Amino acid sequence: MIPRIYIPGDSGALALGAEKVAKAIAGELAERGIEAKIVRNGSRGAYFLEPMVEVATANGRVAYGPVKPSDVKSLFDGGFLTGGHHKRWLGSPDKIPFFAKQTRLTFARCGVTDPLSLESYKKHGGLNGLTNALALTPADIVAQVTESGLRGRGGAGFPTGIKWKTVLDTVGDRKYIVCNADEGDSGTFADRMIMEGDPFVLIEGMTIAGIATGATKGFVYIRSEYPHAVAVMNKAVEIARKAGVLGASVLGSAYAFDMEIRVGAGAYVCGEETALLDSLEGKRGMVRAKPPLPAHKGLFGKPTVINNVISLASVPVIMDKGAAFYKDFGMGRSRGTIPIQIAGNVKYAGLFEAAFGMTLGEIVDEIGGGTATGRPVKAVQVGGPLGAYFPRALFDTPFDYEAFAAKDGLIGHAGIVVFDDTADMLKQARFALEFCAIESCGKCTPCRIGSTRGVETIDRIAAGIEPEKNLALVTDLCNTMKFGSLCALGGFTPYPVMSSITHFPDDFKPAPVRVAAE
Ligand SMILES: Cc1cc2nc3c(=O)[nH]c(=O)nc-3n(C[C@H](O)[C@H](O)[C@H](O)COP(=O)(O)O)c2cc1C
Ligand code: SF4
């Protein structure tokens, strides 16, 4: 059997030098006259170990990482093709603590299989969910998804089954499935990782959504900053079409479903579902007033399911293993697993899929290993640029939609960004308002004007001008934005601002006091 070497082609791994490592390995193989198959897999998500190279041995996979091109010669000398020891030796990937502690349902294949091999996908359980779905009525598929407790992973946590039922129950000569892959939240990369590492799972999830709701066409709206994901998804759609997974007769059934990949417009607000639909229709991405809901009148005025990548990619495992299996994971009304993306100033950055319920402290301190700088953690922003900053005092909060909401926070797309004690929370609050001012679509006044007035007011606090009066003004402004904005961009910007003020009041004190405190 010729040796198999796995080198991630994932853009995170590429950014860390995977391409140079691949070239060095290919060169070394040629020089030594060794025949081997190089598979460009996705990343398993431990970016602190990337580029992580794996070899298939008689005793299973053996991983090495982070591998540098200069390591390659000695890896061969040390017999890495048969799992030989080396300073980069990590052993079986399944036993590396970062992976061993995870519950991989949605990301089960990511980093394991060849992303563009349908054979490899099927060998690892791919298409089981779709096959099962084809044996059910659309209403039964929707019932399964509802029963699983799956909630939207894009941010709002809306029950996926209920959304699908609305589209199923709405009459339309044409219906659409739109996948939101705009992934604009800071510190998030789960959508990118799965599209690059296991694209067929998204295709399978979207196809099941189409069959369940009567939609025959799907679009994936991928952010323009993800050229690798766009390329992989385009290739995967082509392969799926040729194999009869997509097309006029899905897996030989009476159902038709096909899909297209579209590149996003490069604006954060285009991730908001109605602005995304405008953008997809070729217009400038502006938020639409609701009603009508996209489920009633969405893309081109037709009933439309719009779901995040991870929501859709979680459906195949639900349809494969059953709603009860999926529902068994998690806590409260947050069922199943969630891919937590650990980023920022953290020692072990990466994607960690776990059942809902781990505390924020466990994620940051135990899984993330604390800060990369070794300084104390000061704040963690959870849920992207619109998420609250949590201080250490709130580290006992479990990862659960309701628990975070109860502490004036949100889970969002499950990105967490860690800051050490050098972070200036006044600057972070200013950044939140500035970000909102830059990204605002401009449709409503609280967001369009409020964000700019907010930046000015924070600047006055920083300059020591009537700080108490201006703090009260920011609070008042945040209330207006929270309750008066048309969408969550203006409506949630108050979360990072108010959490900074509430949990880190010293950072908002006039400069002399702040210097004295330091
Ligand atoms: C400003 C703004 C940006 C958003 N960006 C994204 C995004 O990048 N990806 C995403 O899936 N949802 C995003 N959302 C949430 C979507 O509007 C919508 O709730 C989601 O696509 C629905 O899918 P889900 O139910 O599967 O989560 C954003 C919302 C707002 C207000
Ligand atoms: S809150 Fe901001 S982004 Fe949302 S509709 Fe209003 S102006 Fe547009």
# chains A, B, ... in the order shown; residues from 1 in each chain; ligands from 1
call {"tool": "residues_around", "arguments": {"residues": "stretch 215-226 of chain A", "least_positions_apart": "3", "cutoff": "7 Å", "atoms": "only C-alpha atoms", "output": "NGL selection string"}}
result
:A and (174-183 or 210-211 or 229-230 or 256-266)
call {"tool": "residues_near_ligand", "arguments": {"ligand": "ligand 2", "cutoff": "8 Å", "atoms": "only C-alpha atoms and all ligand atoms", "output": "ChimeraX atom specification"}}
result
/A:269,286-289,436,439-448,481,485-491
call {"tool": "write_last_selection", "arguments": {"atoms": "N, CA, C and O atoms", "output": "mmCIF file, in the first residue's frame"}}
result
data_model
loop_
_atom_site.group_PDB
_atom_site.id
_atom_site.type_symbol
_atom_site.label_atom_id
_atom_site.label_comp_id
_atom_site.auth_asym_id
_atom_site.auth_seq_id
_atom_site.Cartn_x
_atom_site.Cartn_y
_atom_site.Cartn_z
ATOM 1 N N VAL A 269 -23.276 44.250 6.819
ATOM 2 C CA VAL A 269 -24.742 44.222 6.855
ATOM 3 C C VAL A 269 -25.322 43.242 5.824
ATOM 4 O O VAL A 269 -26.466 42.796 5.964
ATOM 5 N N MET A 286 -29.491 46.478 1.398
ATOM 6 C CA MET A 286 -30.205 47.311 2.383
ATOM 7 C C MET A 286 -31.172 46.419 3.145
ATOM 8 O O MET A 286 -31.810 45.544 2.561
ATOM 9 N N VAL A 287 -31.308 46.671 4.441
ATOM 10 C CA VAL A 287 -32.205 45.860 5.265
ATOM 11 C C VAL A 287 -33.652 46.139 4.864
ATOM 12 O O VAL A 287 -34.033 47.286 4.644
ATOM 13 N N ARG A 288 -34.432 45.065 4.751
ATOM 14 C CA ARG A 288 -35.855 45.216 4.426
ATOM 15 C C ARG A 288 -36.663 45.236 5.722
ATOM 16 O O ARG A 288 -36.310 44.519 6.675
ATOM 17 N N ALA A 289 -37.728 45.968 5.742
ATOM 18 C CA ALA A 289 -38.622 45.951 6.903
ATOM 19 C C ALA A 289 -39.359 44.615 6.904
ATOM 20 O O ALA A 289 -39.657 44.058 5.850
ATOM 21 N N CYS A 436 -20.236 50.239 13.755
ATOM 22 C CA CYS A 436 -21.655 50.383 13.396
ATOM 23 C C CYS A 436 -21.828 51.553 12.424
ATOM 24 O O CYS A 436 -22.572 51.451 11.443
ATOM 25 N N GLU A 439 -20.507 50.404 9.010
ATOM 26 C CA GLU A 439 -21.240 49.308 8.375
ATOM 27 C C GLU A 439 -22.749 49.542 8.251
ATOM 28 O O GLU A 439 -23.439 48.774 7.581
ATOM 29 N N SER A 440 -23.262 50.588 8.902
ATOM 30 C CA SER A 440 -24.706 50.867 8.864
ATOM 31 C C SER A 440 -25.205 50.962 7.420
ATOM 32 O O SER A 440 -24.554 51.586 6.581
ATOM 33 N N CYS A 441 -26.368 50.360 7.147
ATOM 34 C CA CYS A 441 -26.912 50.468 5.793
ATOM 35 C C CYS A 441 -27.583 51.825 5.588
ATOM 36 O O CYS A 441 -27.888 52.207 4.473
ATOM 37 N N GLY A 442 -27.827 52.521 6.695
ATOM 38 C CA GLY A 442 -28.333 53.890 6.608
ATOM 39 C C GLY A 442 -29.839 54.022 6.554
ATOM 40 O O GLY A 442 -30.371 55.121 6.430
ATOM 41 N N LYS A 443 -30.550 52.889 6.672
ATOM 42 C CA LYS A 443 -32.001 52.958 6.489
ATOM 43 C C LYS A 443 -32.724 53.607 7.677
ATOM 44 O O LYS A 443 -33.738 54.254 7.492
ATOM 45 N N CYS A 444 -32.212 53.375 8.891
ATOM 46 C CA CYS A 444 -32.943 53.947 10.035
ATOM 47 C C CYS A 444 -32.051 54.885 10.863
ATOM 48 O O CYS A 444 -30.837 54.700 10.953
ATOM 49 N N THR A 445 -32.702 55.875 11.466
ATOM 50 C CA THR A 445 -31.985 56.969 12.124
ATOM 51 C C THR A 445 -31.199 56.552 13.372
ATOM 52 O O THR A 445 -30.059 56.980 13.537
ATOM 53 N N PRO A 446 -31.764 55.738 14.269
ATOM 54 C CA PRO A 446 -30.999 55.429 15.497
ATOM 55 C C PRO A 446 -29.619 54.846 15.190
ATOM 56 O O PRO A 446 -28.641 55.169 15.856
ATOM 57 N N CYS A 447 -29.547 54.022 14.171
ATOM 58 C CA CYS A 447 -28.276 53.383 13.818
ATOM 59 C C CYS A 447 -27.407 54.334 13.005
ATOM 60 O O CYS A 447 -26.236 54.549 13.322
ATOM 61 N N ARG A 448 -27.991 54.949 11.983
ATOM 62 C CA ARG A 448 -27.196 55.784 11.066
ATOM 63 C C ARG A 448 -26.587 56.989 11.798
ATOM 64 O O ARG A 448 -25.396 57.257 11.706
ATOM 65 N N MET A 481 -30.919 53.225 20.449
ATOM 66 C CA MET A 481 -30.483 52.326 19.369
ATOM 67 C C MET A 481 -31.057 50.930 19.567
ATOM 68 O O MET A 481 -31.507 50.284 18.626
ATOM 69 N N SER A 485 -33.932 50.626 16.550
ATOM 70 C CA SER A 485 -33.297 50.267 15.268
ATOM 71 C C SER A 485 -34.109 49.213 14.534
ATOM 72 O O SER A 485 -34.781 48.379 15.151
ATOM 73 N N LEU A 486 -33.983 49.249 13.225
ATOM 74 C CA LEU A 486 -34.743 48.315 12.401
ATOM 75 C C LEU A 486 -34.152 46.901 12.449
ATOM 76 O O LEU A 486 -34.862 45.912 12.377
ATOM 77 N N CYS A 487 -32.838 46.792 12.536
ATOM 78 C CA CYS A 487 -32.240 45.459 12.584
ATOM 79 C C CYS A 487 -31.211 45.383 13.704
ATOM 80 O O CYS A 487 -30.938 46.369 14.389
ATOM 81 N N ALA A 488 -30.620 44.197 13.841
ATOM 82 C CA ALA A 488 -29.733 43.960 14.984
ATOM 83 C C ALA A 488 -28.389 44.682 14.873
ATOM 84 O O ALA A 488 -27.661 44.741 15.859
ATOM 85 N N LEU A 489 -28.048 45.265 13.730
ATOM 86 C CA LEU A 489 -26.771 45.987 13.680
ATOM 87 C C LEU A 489 -26.852 47.196 14.617
ATOM 88 O O LEU A 489 -26.035 47.350 15.525
ATOM 89 N N GLY A 490 -27.864 47.997 14.425
ATOM 90 C CA GLY A 490 -28.054 49.124 15.344
ATOM 91 C C GLY A 490 -28.582 48.658 16.693
ATOM 92 O O GLY A 490 -28.243 49.209 17.737
ATOM 93 N N GLY A 491 -29.394 47.611 16.664
ATOM 94 C CA GLY A 491 -30.054 47.148 17.888
ATOM 95 C C GLY A 491 -29.127 46.460 18.876
ATOM 96 O O GLY A 491 -29.404 46.429 20.086
#
call {"tool": "residues_near_ligand", "arguments": {"ligand": "ligand 1", "cutoff": "8 Å", "atoms": "only C-alpha atoms and all ligand atoms", "output": "short mmCIF file (atom, residue, chain, number, x, y, z; two decimals) with all heavy atoms, in the first residue's frame"}}
result
data_model
loop_
_atom_site.label_atom_id
_atom_site.label_comp_id
_atom_site.auth_asym_id
_atom_site.auth_seq_id
_atom_site.Cartn_x
_atom_site.Cartn_y
_atom_site.Cartn_z
N ARG A 151 -31.37 25.05 16.46
CA ARG A 151 -31.67 26.49 16.34
C ARG A 151 -30.60 27.13 15.45
O ARG A 151 -29.48 26.67 15.38
CB ARG A 151 -31.67 27.14 17.72
CG ARG A 151 -32.85 26.67 18.55
CD ARG A 151 -32.70 27.04 20.01
NE ARG A 151 -32.87 28.45 20.28
CZ ARG A 151 -32.84 28.96 21.52
NH1 ARG A 151 -32.64 28.18 22.57
NH2 ARG A 151 -33.01 30.25 21.71
N GLY A 152 -30.99 28.21 14.79
CA GLY A 152 -30.11 28.86 13.82
C GLY A 152 -28.77 29.24 14.43
O GLY A 152 -28.71 29.89 15.47
N ARG A 153 -27.71 28.83 13.77
CA ARG A 153 -26.35 29.10 14.28
C ARG A 153 -25.79 30.42 13.74
O ARG A 153 -24.64 30.75 14.01
CB ARG A 153 -25.41 27.95 13.88
CG ARG A 153 -25.88 26.58 14.36
CD ARG A 153 -25.74 26.44 15.88
NE ARG A 153 -25.95 25.05 16.28
CZ ARG A 153 -26.91 24.64 17.10
NH1 ARG A 153 -27.77 25.49 17.62
NH2 ARG A 153 -27.00 23.36 17.44
N GLY A 154 -26.60 31.17 12.97
CA GLY A 154 -26.10 32.42 12.40
C GLY A 154 -26.07 33.56 13.40
O GLY A 154 -25.37 34.55 13.22
N GLY A 155 -26.86 33.44 14.46
CA GLY A 155 -26.85 34.50 15.46
C GLY A 155 -28.12 34.58 16.28
O GLY A 155 -28.07 34.68 17.50
N ALA A 156 -29.27 34.51 15.62
CA ALA A 156 -30.52 34.76 16.33
C ALA A 156 -31.03 33.52 17.09
O ALA A 156 -31.87 33.64 17.98
CB ALA A 156 -31.57 35.26 15.36
N GLY A 157 -30.55 32.34 16.75
CA GLY A 157 -30.96 31.13 17.46
C GLY A 157 -32.41 30.75 17.24
O GLY A 157 -33.04 30.10 18.09
N PHE A 158 -32.97 31.14 16.09
CA PHE A 158 -34.38 30.83 15.80
C PHE A 158 -34.51 29.34 15.44
O PHE A 158 -33.68 28.81 14.69
CB PHE A 158 -34.88 31.71 14.66
CG PHE A 158 -36.36 31.59 14.42
CD1 PHE A 158 -37.25 32.29 15.21
CD2 PHE A 158 -36.85 30.75 13.43
CE1 PHE A 158 -38.63 32.16 15.01
CE2 PHE A 158 -38.22 30.61 13.22
CZ PHE A 158 -39.10 31.33 14.02
N PRO A 159 -35.55 28.65 15.96
CA PRO A 159 -35.69 27.21 15.65
C PRO A 159 -35.78 26.95 14.14
O PRO A 159 -36.65 27.47 13.45
CB PRO A 159 -37.00 26.83 16.35
CG PRO A 159 -37.16 27.86 17.43
CD PRO A 159 -36.58 29.13 16.88
N THR A 160 -34.87 26.13 13.66
CA THR A 160 -34.77 25.86 12.22
C THR A 160 -36.02 25.17 11.69
O THR A 160 -36.53 25.52 10.61
CB THR A 160 -33.50 25.00 11.94
OG1 THR A 160 -32.39 25.69 12.53
CG2 THR A 160 -33.26 24.79 10.47
N LYS A 163 -38.90 27.56 11.05
CA LYS A 163 -38.66 28.35 9.82
C LYS A 163 -39.02 27.51 8.58
O LYS A 163 -39.69 27.96 7.68
CB LYS A 163 -37.19 28.77 9.78
CG LYS A 163 -36.88 29.81 8.75
CD LYS A 163 -35.40 30.17 8.75
CE LYS A 163 -35.03 31.15 9.82
NZ LYS A 163 -33.66 31.67 9.70
N CYS A 179 -28.30 29.93 1.63
CA CYS A 179 -27.37 29.67 2.72
C CYS A 179 -26.54 30.93 2.99
O CYS A 179 -25.89 31.46 2.08
CB CYS A 179 -26.46 28.50 2.34
SG CYS A 179 -25.13 28.30 3.52
N ASN A 180 -26.60 31.37 4.22
CA ASN A 180 -25.87 32.57 4.62
C ASN A 180 -24.44 32.18 5.02
O ASN A 180 -24.21 31.64 6.10
CB ASN A 180 -26.62 33.23 5.79
CG ASN A 180 -26.07 34.59 6.13
OD1 ASN A 180 -24.96 34.93 5.75
ND2 ASN A 180 -26.86 35.37 6.87
N ALA A 181 -23.52 32.44 4.10
CA ALA A 181 -22.11 32.15 4.37
C ALA A 181 -21.32 33.46 4.35
O ALA A 181 -20.19 33.51 3.87
CB ALA A 181 -21.57 31.16 3.34
N ASP A 182 -21.95 34.52 4.84
CA ASP A 182 -21.28 35.82 4.83
C ASP A 182 -20.28 35.94 5.99
O ASP A 182 -19.35 36.74 5.93
CB ASP A 182 -22.31 36.96 4.88
CG ASP A 182 -21.73 38.24 4.31
OD1 ASP A 182 -21.11 38.17 3.24
OD2 ASP A 182 -21.87 39.30 4.94
N GLU A 183 -20.51 35.16 7.01
CA GLU A 183 -19.60 35.03 8.17
C GLU A 183 -18.77 36.30 8.47
O GLU A 183 -17.54 36.29 8.40
CB GLU A 183 -18.67 33.82 8.00
CG GLU A 183 -18.01 33.44 9.33
CD GLU A 183 -17.50 32.00 9.35
OE1 GLU A 183 -16.68 31.64 8.51
OE2 GLU A 183 -17.95 31.24 10.26
N GLY A 184 -19.50 37.35 8.85
CA GLY A 184 -18.81 38.62 9.09
C GLY A 184 -18.36 38.83 10.53
O GLY A 184 -17.63 39.78 10.82
N ASP A 185 -18.79 37.97 11.46
CA ASP A 185 -18.45 38.19 12.87
C ASP A 185 -16.96 38.06 13.13
O ASP A 185 -16.30 37.14 12.62
CB ASP A 185 -19.20 37.19 13.77
CG ASP A 185 -20.65 37.57 13.98
OD1 ASP A 185 -21.08 38.59 13.42
OD2 ASP A 185 -21.34 36.85 14.72
N TYR A 268 -20.61 44.11 6.08
CA TYR A 268 -21.08 43.32 7.23
C TYR A 268 -22.60 43.18 7.20
O TYR A 268 -23.13 42.10 7.48
CB TYR A 268 -20.62 43.99 8.53
CG TYR A 268 -21.02 43.23 9.77
CD1 TYR A 268 -20.45 41.99 10.07
CD2 TYR A 268 -22.00 43.73 10.63
CE1 TYR A 268 -20.82 41.28 11.19
CE2 TYR A 268 -22.37 43.03 11.76
CZ TYR A 268 -21.79 41.81 12.04
OH TYR A 268 -22.16 41.10 13.15
N VAL A 269 -23.28 44.25 6.82
CA VAL A 269 -24.74 44.22 6.86
C VAL A 269 -25.32 43.24 5.82
O VAL A 269 -26.47 42.80 5.96
CB VAL A 269 -25.33 45.65 6.69
CG1 VAL A 269 -25.31 46.10 5.24
CG2 VAL A 269 -26.73 45.75 7.30
N CYS A 270 -24.55 42.88 4.82
CA CYS A 270 -25.03 41.90 3.85
C CYS A 270 -25.18 40.50 4.45
O CYS A 270 -25.70 39.59 3.81
CB CYS A 270 -24.14 41.86 2.61
SG CYS A 270 -24.43 43.28 1.54
N GLY A 271 -24.73 40.33 5.71
CA GLY A 271 -24.99 39.07 6.42
C GLY A 271 -26.38 39.08 7.04
O GLY A 271 -26.92 38.01 7.37
N GLU A 272 -26.96 40.26 7.20
CA GLU A 272 -28.34 40.33 7.71
C GLU A 272 -29.23 39.77 6.61
O GLU A 272 -29.09 40.14 5.43
CB GLU A 272 -28.69 41.80 8.04
CG GLU A 272 -29.95 41.97 8.85
CD GLU A 272 -31.23 41.85 8.06
OE1 GLU A 272 -31.21 42.11 6.83
OE2 GLU A 272 -32.26 41.47 8.63
N GLU A 273 -30.13 38.90 6.99
CA GLU A 273 -30.80 38.07 5.97
C GLU A 273 -31.52 38.84 4.86
O GLU A 273 -31.46 38.45 3.70
CB GLU A 273 -31.74 37.06 6.63
CG GLU A 273 -32.79 37.67 7.53
CD GLU A 273 -33.60 36.61 8.27
OE1 GLU A 273 -33.19 35.45 8.29
OE2 GLU A 273 -34.66 36.98 8.82
N THR A 274 -32.18 39.95 5.21
CA THR A 274 -32.93 40.65 4.15
C THR A 274 -32.00 41.48 3.27
O THR A 274 -32.23 41.61 2.07
CB THR A 274 -34.06 41.53 4.75
OG1 THR A 274 -33.47 42.52 5.61
CG2 THR A 274 -35.06 40.70 5.53
N ILE A 306 -33.83 30.93 4.74
CA ILE A 306 -32.46 31.44 4.81
C ILE A 306 -31.86 30.97 6.13
O ILE A 306 -32.39 31.22 7.20
CB ILE A 306 -32.37 32.97 4.58
CG1 ILE A 306 -30.94 33.47 4.83
CG2 ILE A 306 -33.36 33.77 5.35
CD1 ILE A 306 -30.60 34.73 4.08
N ASN A 307 -30.80 30.21 5.98
CA ASN A 307 -30.14 29.61 7.14
C ASN A 307 -28.63 29.78 7.04
O ASN A 307 -28.06 29.82 5.96
CB ASN A 307 -30.42 28.10 7.19
CG ASN A 307 -31.66 27.73 7.98
OD1 ASN A 307 -32.44 26.88 7.54
ND2 ASN A 307 -31.86 28.34 9.12
N ASN A 308 -28.03 29.79 8.19
CA ASN A 308 -26.57 29.82 8.29
C ASN A 308 -25.96 28.49 7.81
O ASN A 308 -26.63 27.45 7.84
CB ASN A 308 -26.19 30.10 9.75
CG ASN A 308 -24.71 29.98 10.00
OD1 ASN A 308 -24.24 29.00 10.59
ND2 ASN A 308 -23.95 30.93 9.52
N VAL A 309 -24.69 28.53 7.43
CA VAL A 309 -23.98 27.32 6.98
C VAL A 309 -24.06 26.20 8.03
O VAL A 309 -24.38 25.05 7.70
CB VAL A 309 -22.47 27.65 6.74
CG1 VAL A 309 -21.68 26.39 6.44
CG2 VAL A 309 -22.30 28.67 5.63
N ILE A 310 -23.78 26.56 9.28
CA ILE A 310 -23.70 25.51 10.31
C ILE A 310 -25.09 24.93 10.61
O ILE A 310 -25.22 23.73 10.87
CB ILE A 310 -23.02 26.04 11.59
CG1 ILE A 310 -21.61 26.58 11.26
CG2 ILE A 310 -22.94 24.96 12.68
CD1 ILE A 310 -20.65 25.58 10.63
N SER A 311 -26.13 25.76 10.54
CA SER A 311 -27.50 25.23 10.73
C SER A 311 -27.76 24.16 9.68
O SER A 311 -28.21 23.05 10.00
CB SER A 311 -28.55 26.34 10.58
OG SER A 311 -28.16 27.51 11.24
N LEU A 312 -27.49 24.50 8.41
CA LEU A 312 -27.75 23.56 7.32
C LEU A 312 -26.83 22.34 7.38
O LEU A 312 -27.27 21.22 7.14
CB LEU A 312 -27.61 24.28 5.97
CG LEU A 312 -28.71 25.31 5.69
CD1 LEU A 312 -28.27 26.30 4.63
CD2 LEU A 312 -30.01 24.62 5.27
N HIS A 413 -22.76 33.73 16.56
CA HIS A 413 -22.24 32.64 15.73
C HIS A 413 -21.16 31.86 16.48
O HIS A 413 -20.37 31.12 15.90
CB HIS A 413 -21.70 33.25 14.43
CG HIS A 413 -21.30 32.28 13.38
ND1 HIS A 413 -22.07 31.17 13.03
CD2 HIS A 413 -20.22 32.22 12.57
CE1 HIS A 413 -21.44 30.51 12.07
NE2 HIS A 413 -20.32 31.12 11.77
N CYS A 487 -32.84 46.79 12.54
CA CYS A 487 -32.24 45.46 12.58
C CYS A 487 -31.21 45.38 13.70
O CYS A 487 -30.94 46.37 14.39
CB CYS A 487 -31.63 45.07 11.23
SG CYS A 487 -29.93 45.60 10.98
N ALA A 488 -30.62 44.20 13.84
CA ALA A 488 -29.73 43.96 14.98
C ALA A 488 -28.39 44.68 14.87
O ALA A 488 -27.66 44.74 15.86
CB ALA A 488 -29.51 42.46 15.15
N LEU A 489 -28.05 45.26 13.73
CA LEU A 489 -26.77 45.99 13.68
C LEU A 489 -26.85 47.20 14.62
O LEU A 489 -26.04 47.35 15.53
CB LEU A 489 -26.42 46.41 12.24
CG LEU A 489 -25.11 47.19 12.08
CD1 LEU A 489 -23.94 46.52 12.81
CD2 LEU A 489 -24.73 47.35 10.62
N GLY A 490 -27.86 48.00 14.43
CA GLY A 490 -28.05 49.12 15.34
C GLY A 490 -28.58 48.66 16.69
O GLY A 490 -28.24 49.21 17.74
#
call {"tool": "closest_atom_pairs", "arguments": {"of": "stretch 289-348 of chain A", "to": "stretch 166-172 of chain A", "cutoff": "9 Å", "atoms": "only C-alpha atoms", "output": "JSON lines"}}
result
{"residue": "A:Pro294", "atom": "CA", "partner": "A:Val167", "partner_atom": "CA", "distance": 8.8}
{"residue": "A:Ala295", "atom": "CA", "partner": "A:Val167", "partner_atom": "CA", "distance": 5.1}
{"residue": "A:His296", "atom": "CA", "partner": "A:Thr170", "partner_atom": "CA", "distance": 6.4}
{"residue": "A:Lys302", "atom": "CA", "partner": "A:Gly172", "partner_atom": "CA", "distance": 6.4}
{"residue": "A:Pro303", "atom": "CA", "partner": "A:Val167", "partner_atom": "CA", "distance": 5.8}
{"residue": "A:Thr304", "atom": "CA", "partner": "A:Val167", "partner_atom": "CA", "distance": 6.4}
{"residue": "A:Val305", "atom": "CA", "partner": "A:Val167", "partner_atom": "CA", "distance": 6.6}
call {"tool": "write_last_selection", "arguments": {"atoms": "all heavy atoms", "output": "mmCIF file, in the first residue's frame"}}
result
data_model
loop_
_atom_site.group_PDB
_atom_site.id
_atom_site.type_symbol
_atom_site.label_atom_id
_atom_site.label_comp_id
_atom_site.auth_asym_id
_atom_site.auth_seq_id
_atom_site.Cartn_x
_atom_site.Cartn_y
_atom_site.Cartn_z
ATOM 1 N N PRO A 294 -38.939 36.605 5.112
ATOM 2 C CA PRO A 294 -38.388 35.919 3.940
ATOM 3 C C PRO A 294 -39.075 34.571 3.685
ATOM 4 O O PRO A 294 -39.198 34.138 2.541
ATOM 5 C CB PRO A 294 -36.918 35.721 4.305
ATOM 6 C CG PRO A 294 -36.614 36.791 5.297
ATOM 7 C CD PRO A 294 -37.892 37.002 6.075
ATOM 8 N N ALA A 295 -39.552 33.935 4.767
ATOM 9 C CA ALA A 295 -40.234 32.635 4.593
ATOM 10 C C ALA A 295 -41.502 32.796 3.753
ATOM 11 O O ALA A 295 -41.927 31.856 3.064
ATOM 12 C CB ALA A 295 -40.571 32.041 5.954
ATOM 13 N N HIS A 296 -42.117 33.986 3.799
ATOM 14 C CA HIS A 296 -43.300 34.234 2.966
ATOM 15 C C HIS A 296 -42.921 34.869 1.632
ATOM 16 O O HIS A 296 -43.374 34.448 0.574
ATOM 17 C CB HIS A 296 -44.282 35.146 3.708
ATOM 18 C CG HIS A 296 -44.911 34.480 4.899
ATOM 19 N ND1 HIS A 296 -45.043 35.108 6.121
ATOM 20 C CD2 HIS A 296 -45.421 33.236 5.071
ATOM 21 C CE1 HIS A 296 -45.598 34.276 6.980
ATOM 22 N NE2 HIS A 296 -45.849 33.130 6.370
ATOM 23 N N LYS A 302 -40.215 35.248 -3.505
ATOM 24 C CA LYS A 302 -40.714 33.873 -3.338
ATOM 25 C C LYS A 302 -40.414 33.352 -1.925
ATOM 26 O O LYS A 302 -39.454 33.804 -1.286
ATOM 27 C CB LYS A 302 -40.036 32.931 -4.345
ATOM 28 C CG LYS A 302 -40.174 33.354 -5.790
ATOM 29 C CD LYS A 302 -41.608 33.272 -6.255
ATOM 30 C CE LYS A 302 -41.740 33.755 -7.700
ATOM 31 N NZ LYS A 302 -43.146 33.954 -8.082
ATOM 32 N N PRO A 303 -41.201 32.379 -1.456
ATOM 33 C CA PRO A 303 -40.937 31.807 -0.119
ATOM 34 C C PRO A 303 -39.506 31.272 -0.050
ATOM 35 O O PRO A 303 -39.081 30.513 -0.930
ATOM 36 C CB PRO A 303 -41.956 30.659 -0.015
ATOM 37 C CG PRO A 303 -43.018 31.003 -1.012
ATOM 38 C CD PRO A 303 -42.346 31.763 -2.120
ATOM 39 N N THR A 304 -38.791 31.677 0.980
ATOM 40 C CA THR A 304 -37.348 31.364 1.052
ATOM 41 C C THR A 304 -36.922 30.950 2.456
ATOM 42 O O THR A 304 -37.248 31.628 3.432
ATOM 43 C CB THR A 304 -36.534 32.617 0.626
ATOM 44 O OG1 THR A 304 -36.918 32.995 -0.694
ATOM 45 C CG2 THR A 304 -35.037 32.366 0.677
ATOM 46 N N VAL A 305 -36.185 29.846 2.518
ATOM 47 C CA VAL A 305 -35.503 29.479 3.771
ATOM 48 C C VAL A 305 -34.153 30.160 3.719
ATOM 49 O O VAL A 305 -33.422 29.984 2.746
ATOM 50 C CB VAL A 305 -35.274 27.946 3.859
ATOM 51 C CG1 VAL A 305 -34.274 27.622 4.969
ATOM 52 C CG2 VAL A 305 -36.574 27.199 4.093
#
call {"tool": "closest_atom_pairs", "arguments": {"of": "stretch 224-258 of chain A", "to": "stretch 128-142 of chain A", "cutoff": "12 Å", "atoms": "only C-alpha atoms", "output": "JSON lines"}}
result
{"residue": "A:Val245", "atom": "CA", "partner": "A:Leu130", "partner_atom": "CA", "distance": 9.2}
{"residue": "A:Leu246", "atom": "CA", "partner": "A:Leu130", "partner_atom": "CA", "distance": 11.3}
{"residue": "A:Ser249", "atom": "CA", "partner": "A:Leu134", "partner_atom": "CA", "distance": 11.3}
{"residue": "A:Val250", "atom": "CA", "partner": "A:Leu134", "partner_atom": "CA", "distance": 8.9}
{"residue": "A:Leu251", "atom": "CA", "partner": "A:Thr131", "partner_atom": "CA", "distance": 8.0}
{"residue": "A:Gly252", "atom": "CA", "partner": "A:Leu134", "partner_atom": "CA", "distance": 10.0}
{"residue": "A:Ser253", "atom": "CA", "partner": "A:Leu134", "partner_atom": "CA", "distance": 7.4}
{"residue": "A:Ala254", "atom": "CA", "partner": "A:Leu134", "partner_atom": "CA", "distance": 9.2}
{"residue": "A:Tyr255", "atom": "CA", "partner": "A:Leu134", "partner_atom": "CA", "distance": 8.5}
{"residue": "A:Ala256", "atom": "CA", "partner": "A:Leu134", "partner_atom": "CA", "distance": 11.5}
call {"tool": "select_by_dssp", "arguments": {"residues": "stretch 109-347 of chain A", "states": "alpha helix (DSSP H)", "output": "number ranges by chain"}}
result
A: 118-123, 128-134, 138-148, 160-169, 190-197, 199-213, 227-242, 273-280, 309-313, 315-321, 323-327
call {"tool": "atom_distance", "arguments": {"atom1": "atom CA of A:His503", "atom2": "atom CA of A:Pro391"}}
result
6.5 Å
